[in-house]
Amino acid sequence: IANPLRSSVTVMAAQTVLPGPVLPPLHADNCDPRPAGLCSDPGDSSSQFSRCYSKLRSLRPADGESCRTEINLLFDQLISDNYSHPYAGSSSIRPEDVCALLVQASRLVQFSQEHLVSKLCQLIHHLLNRLQVIVDDQSLDSLVSYAIQALRSCNCWTHSEILQALAALVYGNGPKCQRHLPDLLGRDGILLCYSDLGQPDVELRRSAIHCMANLCLGMPGQPYLEEPYRGVCFRTFLQMLQSPKPLGVDDIIFCTLLANALKGVQCFLNGGKVKMGPDEQLGSLLAVLKKYMFYGLPGMTLEMPAVLYPAPLPQYEGTTAVKPELPRDVQSTSKPTGNKKRKSRGRGRKAGSEGRQDEDPEEPLQEAASWAGLSPLKAGGGVEDSRNRPSWTALRPQGHPAGRDRDGAAPLYPHWKKISSSDSEFSDPEGGVQGKLRLYQARVRQGALHCFLSLVKCVEKRVLYGYWSSFIPDAPGTGGPPSLTLLTIVLKDPSPKARAGALQVLSALLEGSRQFLSAAEDTSEPRRAFTPLSATLAASLRELHRCLLLALLAESSSQTLTQVIKCLANLVSNVPYSRLRPGLLSPLWRQIKPYVRHRDVNVRVSSLTLLGAILSAQPPQSEVELLLRQPGSGGGSGVLTPQELRSTDNWRKPNPGLPHARRESPPESRDAPGEPCWLLRLCVSLVTLPREDPYSDSDTGTAPGSPFEPSPVRLEALQVLAHLVKGYFSIAQASLLELGEVSASCLREADPSIQLHGAKLLEELGSGIIQQHKSDSPVPPDGRVPVSQVVQFWTEVLGGPLTGALQSEQHPTLQTSACDTLSSILPQAFSCLPDKSQVLCITVLLGLTYSENSLVKAAAVRALGVYILFPCLREDVMFVADTANAILTSLDDRSPNVRAKAAWSLGNLTDTLIVNMESVGQDFQEEFSDLLLLKMLKSATQASNDKDRVKSNAVRALGNLLHFLQPQHLERPSFGPPLGEAVRALIGTVRGEATMKVRWNACYALGNAFRNPALPLGTAPWTSEAYSALTCVVKSCKNFKVRIKSAMALAVPASRECYGDPAQFGEVWAALAQALERSEDTEDFLEYRYCASLRAQLCRALLHLLGLARPEDLPGVQASMSERGEAMRGYLVRYHSGGGEGDEPGDCPEPRERLQGLEETLGHLRGLEGDCDPPGPLLRVLQFLEGIQKSCQELQAA
């Protein structure tokens, strides 16, 4: 009955279909007996297809009995062949020949010959599906026209077959049917009529819905069905899903109708960008999907509202209709027959190997729950506790009290654990209608979950956050009806595919939700008056941890188990554990350990991924550090998973196939104090040691004859080591040399992926050492890795295979990672390395800056930017010059990434010039090439016009270079024009539309340039432009950090001459005063945290200018004071009384120094009394400042 959509193989076929052949006149004389390209070997599909095609081409349209009989026989022959058989030879049948045959057949069959019309439609459906053919445009137009005309001309009994053929024709061809879309989907369109809710024939409705779904299906690289037809289809699908089941319709038929409608919704969601906001359309779709996520689950009928609305709390869902509990005597009569029991025992070994045991799985699973840190009662709360138990009371083991096992404890496992392996897949041996119905109901649930997954991927996450409470539990709860969520499916659904689908949806919801979940918090005391969103999110996260851990304990399907662990990894990656009470990770950590030795390679890989996610939680968790330091048994070597415990071959007796080292370790073999942590030892063994356990899976990724773990396992183990080193270096540092050997062994292997991850591990080791040796590191000196050991580590690394990786031109990604590794050498250790090692690093990096690969070049130039800051290298003029030339060459590269890295390195190089200018003095400046300096200035100016990624560091370099220039440079004519261009480039960046970070850097660079007393600031023509740009920013920029930096730049010039004439001085003063008055005016609430810092810098700048003022400047100052004096007074008093620095005080002086500076400013102004004529402005300024001083003294006295 069902016509499933064809597989993704069809997508490949769609890209190779050629236009249909132009048919010659329909006369046998003009026909080639065989289609071109077809073999004619007797007995295979290709030859039979060729013969039938030749006969069809030789026929003429006629209404005679003999003609109809021959056509009928040819159709029967074509339909009877199974083209999908591997030895059928169907691969030689060309798609264009199939299209040509169908077009020819449609010309032969007249609409009055309804029996042949039906046969032709069966043939279209059969050939297109069996041979995976996408119809070309010309044939599509002809065949769709024929199908539409047939629907209008033939009797109703043929319409189902015609619609089936039409569905196969339009599969992935929706946009190509533009000419026919009005007939199909327009007003009173054929498909709309047949899919109408009033259509009495459900099979016709199903076929029409199937056609519409195929029209909405999009193929990669092809356009999708356009509006308004997409919207028409979606509304039809939604109405179908919202309508109740018609009376008298068979349940299985109705399931196929639902499945096709859900498939249509999925095709609609996947077909291009869907714009859905938090409106009724989205709410209606979510309500429908939630309804059918639980469709057919035993013991439940879910009543859903027509629309779900976004809300922070669970809402208005109808209670589940619970089947009444059967009395004891009724239960006893419904026991399985003896034959079924004997059959179950007969395949007990197989069931045990799959982790399912029909007789009594409770006890070993309860033991696993205790290992997971969950008491039986608590564990049962998420599976069949008092909240969830009523919906599945009919599925309890016979003779047990409700919700209790034989010991009186609540059972831990979901109800599907009590169904045999074959029952869980709905393949019961009885074959009956009920088993088939359960299968079709499971397909409906899977279809709803697939739709939900597509919806999550195409709707903005922030829109879906409002609906989380409808799909994710927020608390276990006690009493009342169960809260039906995705976790209910994960724990209760009998179908492994449905459970896996629910886990995929949950993973998609969690992915990228870190910012939203960062609002969760439960570290403070709970509030009783109301429940804030932070507490609701925290409760939801705790419930997710608990339920997924239960699913981990109970799941037996390896594929679904992999999805459980992946979902846990996604959850861990997005949870703000620092804002939650500790204890969430410990049960998960303990329970996942045995799975790293699971028999299925995908489970092993996902388990390591989860461990890596736990180690990557930021900031590093003290709970995880304690877990890492706890003694272990070699990473769960001797611990069995709950699934293995339930296996009769595992939990009843030890496995004799395992070596003693893989069984439970004796107490003396456990971690002793000072030994590496178990996880580190485990990962090292997975990477370097041969396998000891004979796994029964396919071991994907293992090279033939390789004794090691499969490549995915080894790669994931290396990533776990990298996460461990990055987040918990204090634990890994004891094994520093051993980890270096592991990386070296990886670099010696032939697999580029293993080599790459080995180099990444080296980089993380180097970065961990650097972080530990920083001046602000919280690690005490005696707890750090000694420099001598660091030197030994890098000496061994540089003498090993890393050199070969640096020269591996055939693997540029490996070269890139090796360059990053060289950049992570501790500066103190680099100076102690042998000379040959230092020369090796420098020479290789300088050479790689000329690589043809942009990734390698970018990494090399960045590493040089790190080396230029090393104290042992920055005073070497030759190294600085070589590095500068390499950087300038890279700054002209066509790759934006290379230019960005080169600009960053140029900024570091110019930082080194400033440091050398202050520490070494004139000797370094005289030895450094003037020509190279001029070249750097021009290149930095040119780079300041590049993209923002390049510009942000280019302007930083310009500020340093303008600061570094000496009088002898400025006296040369060759420096004049580049100097003006450089300053104007900074001015243009300050005024421009670049990002705030770039403008912040430009303001900083101007202030840095103003520190050079040799610059002609105040007399140069660009002076007024520079001050105008800074004053404009300080008054009106939306970003307060940029305002702060511009105010600091305006306060840099140390002499009055630098501010130009009195008019220029007055403009700067007035701008600062106006900025102080409006320092709280902002449209962005987040900027308020910088208000105090901005006011502090403005006050400092105003006092700085008054300390340099001349008599001719005071009239302008006094006029500004008269206008804004009252607003300024309060801010200045607060500044001088020792407050108002804010979160970023910058280089504001201490409160005592501020008062001393105010006194010095008053002294400077009082010294001008004899020079002022008239004295009025000076007296008013003095009166204003003396009032501020008096207010500050009164505050201090108070």
# chains A, B, ... in the order shown; residues from 1 in each chain; ligands from 1

call {"tool": "residues_around", "arguments": {"residues": "Leu1102 (chain A)", "least_positions_apart": "5", "cutoff": "8 Å", "atoms": "only C-alpha atoms", "output": "number ranges by chain"}}
result
A: 1051, 1069, 1072-1073

call {"tool": "residues_around", "arguments": {"residues": "Leu1030 (chain A)", "least_positions_apart": "5", "cutoff": "12 Å", "atoms": "only C-alpha atoms", "output": "ChimeraX atom specification"}}
result
/A:986-992,999-1000,1002-1007,1023-1025,1035-1037,1042-1051,1067-1069,1071-1072,1075

call {"tool": "write_last_selection", "arguments": {"atoms": "N, CA, C and O atoms", "output": "short mmCIF file (atom, residue, chain, number, x, y, z; two decimals), in the first residue's frame"}}
result
data_model
loop_
_atom_site.label_atom_id
_atom_site.label_comp_id
_atom_site.auth_asym_id
_atom_site.auth_seq_id
_atom_site.Cartn_x
_atom_site.Cartn_y
_atom_site.Cartn_z
N LEU A 986 44.75 56.61 10.21
CA LEU A 986 44.20 56.42 11.56
C LEU A 986 42.97 57.29 11.76
O LEU A 986 41.96 56.85 12.35
N ILE A 987 43.02 58.52 11.28
CA ILE A 987 41.87 59.42 11.42
C ILE A 987 40.66 58.85 10.67
O ILE A 987 39.53 58.84 11.19
N GLY A 988 40.89 58.36 9.47
CA GLY A 988 39.79 57.79 8.72
C GLY A 988 39.20 56.56 9.38
O GLY A 988 37.98 56.34 9.33
N THR A 989 40.03 55.77 10.04
CA THR A 989 39.52 54.58 10.73
C THR A 989 38.70 54.97 11.95
O THR A 989 37.67 54.35 12.25
N VAL A 990 39.14 56.02 12.67
CA VAL A 990 38.37 56.49 13.83
C VAL A 990 37.00 56.97 13.40
O VAL A 990 35.98 56.70 14.06
N ARG A 991 36.92 57.64 12.28
CA ARG A 991 35.66 58.20 11.82
C ARG A 991 34.82 57.18 11.04
O ARG A 991 33.63 57.40 10.83
N GLY A 992 35.40 56.11 10.60
CA GLY A 992 34.76 55.21 9.66
C GLY A 992 33.68 54.34 10.29
O GLY A 992 33.29 54.49 11.45
N ARG A 999 37.89 50.54 15.67
CA ARG A 999 37.90 51.96 16.04
C ARG A 999 38.57 52.16 17.39
O ARG A 999 39.25 53.16 17.62
N TRP A 1000 38.36 51.22 18.30
CA TRP A 1000 39.06 51.28 19.59
C TRP A 1000 40.56 51.25 19.38
O TRP A 1000 41.31 52.03 19.98
N ALA A 1002 42.15 52.13 16.71
CA ALA A 1002 42.59 53.36 16.04
C ALA A 1002 42.73 54.51 17.04
O ALA A 1002 43.69 55.30 16.96
N CYS A 1003 41.79 54.63 17.97
CA CYS A 1003 41.91 55.67 19.00
C CYS A 1003 43.15 55.43 19.86
O CYS A 1003 43.90 56.37 20.20
N TYR A 1004 43.38 54.17 20.21
CA TYR A 1004 44.58 53.85 20.98
C TYR A 1004 45.84 54.19 20.19
O TYR A 1004 46.83 54.71 20.74
N ALA A 1005 45.82 53.89 18.88
CA ALA A 1005 46.99 54.17 18.05
C ALA A 1005 47.26 55.67 17.96
O ALA A 1005 48.43 56.10 18.00
N LEU A 1006 46.23 56.49 17.85
CA LEU A 1006 46.45 57.95 17.82
C LEU A 1006 47.05 58.43 19.14
O LEU A 1006 47.97 59.26 19.17
N GLY A 1007 46.52 57.91 20.26
CA GLY A 1007 47.11 58.28 21.53
C GLY A 1007 48.55 57.83 21.65
O GLY A 1007 49.41 58.54 22.23
N THR A 1023 46.68 68.04 12.18
CA THR A 1023 46.40 68.16 13.62
C THR A 1023 44.91 68.37 13.87
O THR A 1023 44.28 67.69 14.69
N SER A 1024 44.32 69.34 13.18
CA SER A 1024 42.90 69.64 13.41
C SER A 1024 42.03 68.45 13.04
O SER A 1024 41.02 68.18 13.71
N GLU A 1025 42.41 67.70 11.99
CA GLU A 1025 41.63 66.53 11.61
C GLU A 1025 41.68 65.46 12.70
O GLU A 1025 40.66 64.81 13.00
N LYS A 1035 32.09 62.34 21.89
CA LYS A 1035 30.77 62.89 22.15
C LYS A 1035 29.63 61.95 21.72
O LYS A 1035 28.60 61.91 22.39
N SER A 1036 29.83 61.21 20.65
CA SER A 1036 28.66 60.57 20.05
C SER A 1036 28.78 59.08 19.78
O SER A 1036 27.80 58.48 19.34
N CYS A 1037 29.93 58.46 19.99
CA CYS A 1037 30.05 57.05 19.66
C CYS A 1037 29.15 56.21 20.57
O CYS A 1037 29.07 56.44 21.78
N VAL A 1042 35.04 52.75 23.20
CA VAL A 1042 35.70 53.61 22.21
C VAL A 1042 35.77 55.05 22.72
O VAL A 1042 36.79 55.74 22.55
N ARG A 1043 34.70 55.51 23.36
CA ARG A 1043 34.73 56.86 23.96
C ARG A 1043 35.84 56.98 24.99
O ARG A 1043 36.55 57.99 25.07
N ILE A 1044 35.96 55.95 25.83
CA ILE A 1044 37.00 55.98 26.87
C ILE A 1044 38.38 56.10 26.23
O ILE A 1044 39.22 56.90 26.66
N LYS A 1045 38.62 55.31 25.20
CA LYS A 1045 39.94 55.34 24.58
C LYS A 1045 40.19 56.67 23.87
O LYS A 1045 41.33 57.17 23.86
N SER A 1046 39.17 57.28 23.29
CA SER A 1046 39.37 58.59 22.66
C SER A 1046 39.63 59.66 23.70
O SER A 1046 40.47 60.56 23.48
N ALA A 1047 38.96 59.60 24.86
CA ALA A 1047 39.24 60.56 25.94
C ALA A 1047 40.67 60.40 26.44
O ALA A 1047 41.36 61.39 26.73
N MET A 1048 41.14 59.17 26.55
CA MET A 1048 42.51 58.95 26.98
C MET A 1048 43.50 59.50 25.95
O MET A 1048 44.54 60.07 26.31
N ALA A 1049 43.18 59.35 24.65
CA ALA A 1049 44.07 59.89 23.62
C ALA A 1049 44.12 61.41 23.66
O ALA A 1049 45.18 62.02 23.46
N LEU A 1050 43.00 62.06 23.94
CA LEU A 1050 42.97 63.53 24.02
C LEU A 1050 43.77 64.05 25.20
O LEU A 1050 44.16 65.23 25.21
N ALA A 1051 44.00 63.21 26.20
CA ALA A 1051 44.76 63.63 27.38
C ALA A 1051 46.24 63.29 27.29
O ALA A 1051 46.98 63.50 28.26
N GLU A 1067 37.83 73.92 21.39
CA GLU A 1067 36.98 72.86 20.84
C GLU A 1067 37.19 71.54 21.58
O GLU A 1067 36.23 70.81 21.86
N VAL A 1068 38.44 71.23 21.88
CA VAL A 1068 38.71 69.98 22.61
C VAL A 1068 38.09 70.04 23.99
O VAL A 1068 37.43 69.09 24.45
N TRP A 1069 38.28 71.18 24.68
CA TRP A 1069 37.71 71.31 26.02
C TRP A 1069 36.18 71.20 25.99
O TRP A 1069 35.57 70.50 26.79
N ALA A 1071 34.26 69.79 23.81
CA ALA A 1071 33.82 68.43 23.49
C ALA A 1071 33.91 67.52 24.71
O ALA A 1071 33.00 66.71 24.97
N LEU A 1072 34.97 67.63 25.48
CA LEU A 1072 35.11 66.81 26.68
C LEU A 1072 34.04 67.16 27.71
O LEU A 1072 33.48 66.27 28.37
N ALA A 1075 30.78 65.74 26.50
CA ALA A 1075 30.77 64.28 26.68
C ALA A 1075 30.55 63.91 28.14
O ALA A 1075 29.85 62.93 28.44
#

call {"tool": "residues_around", "arguments": {"residues": "region 620-626 of chain A", "least_positions_apart": "6", "cutoff": "12 Å", "atoms": "only C-alpha atoms", "output": "JSON, numbers by chain"}}
result
{"A": [576, 577, 578, 579, 580, 581, 582, 583, 584, 585, 586, 587, 588, 589, 590, 611, 612, 613, 614, 632, 677, 679, 723, 724, 725, 726, 727, 728, 729, 730, 731, 732]}

call {"tool": "atom_distance", "arguments": {"atom1": "CA of Ser824 (chain A)", "atom2": "CA of Asn1001 (chain A)"}}
result
26.1 Å

call {"tool": "closest_residue", "arguments": {"among": "A:Pro1013, A:Pro298, A:Gly758, A:Gly959", "to": "Asp911 (chain A)", "atoms": "only C-alpha atoms"}}
result
A:Gly959

call {"tool": "closest_residue", "arguments": {"among": "A:Phe294, A:Cys121, A:Arg57, A:Arg68", "to": "Leu101 (chain A)", "atoms": "only C-alpha atoms"}}
result
A:Arg57

call {"tool": "atom_distance", "arguments": {"atom1": "CA of Ser66 (chain A)", "atom2": "CA of Val117 (chain A)"}}
result
16.4 Å

call {"tool": "residues_around", "arguments": {"residues": "region 743-752 of chain A", "least_positions_apart": "6", "cutoff": "7 Å", "atoms": "only C-alpha atoms", "output": "PyMOL selection string"}}
result
chain A and resi 758-759+761-762+800-802
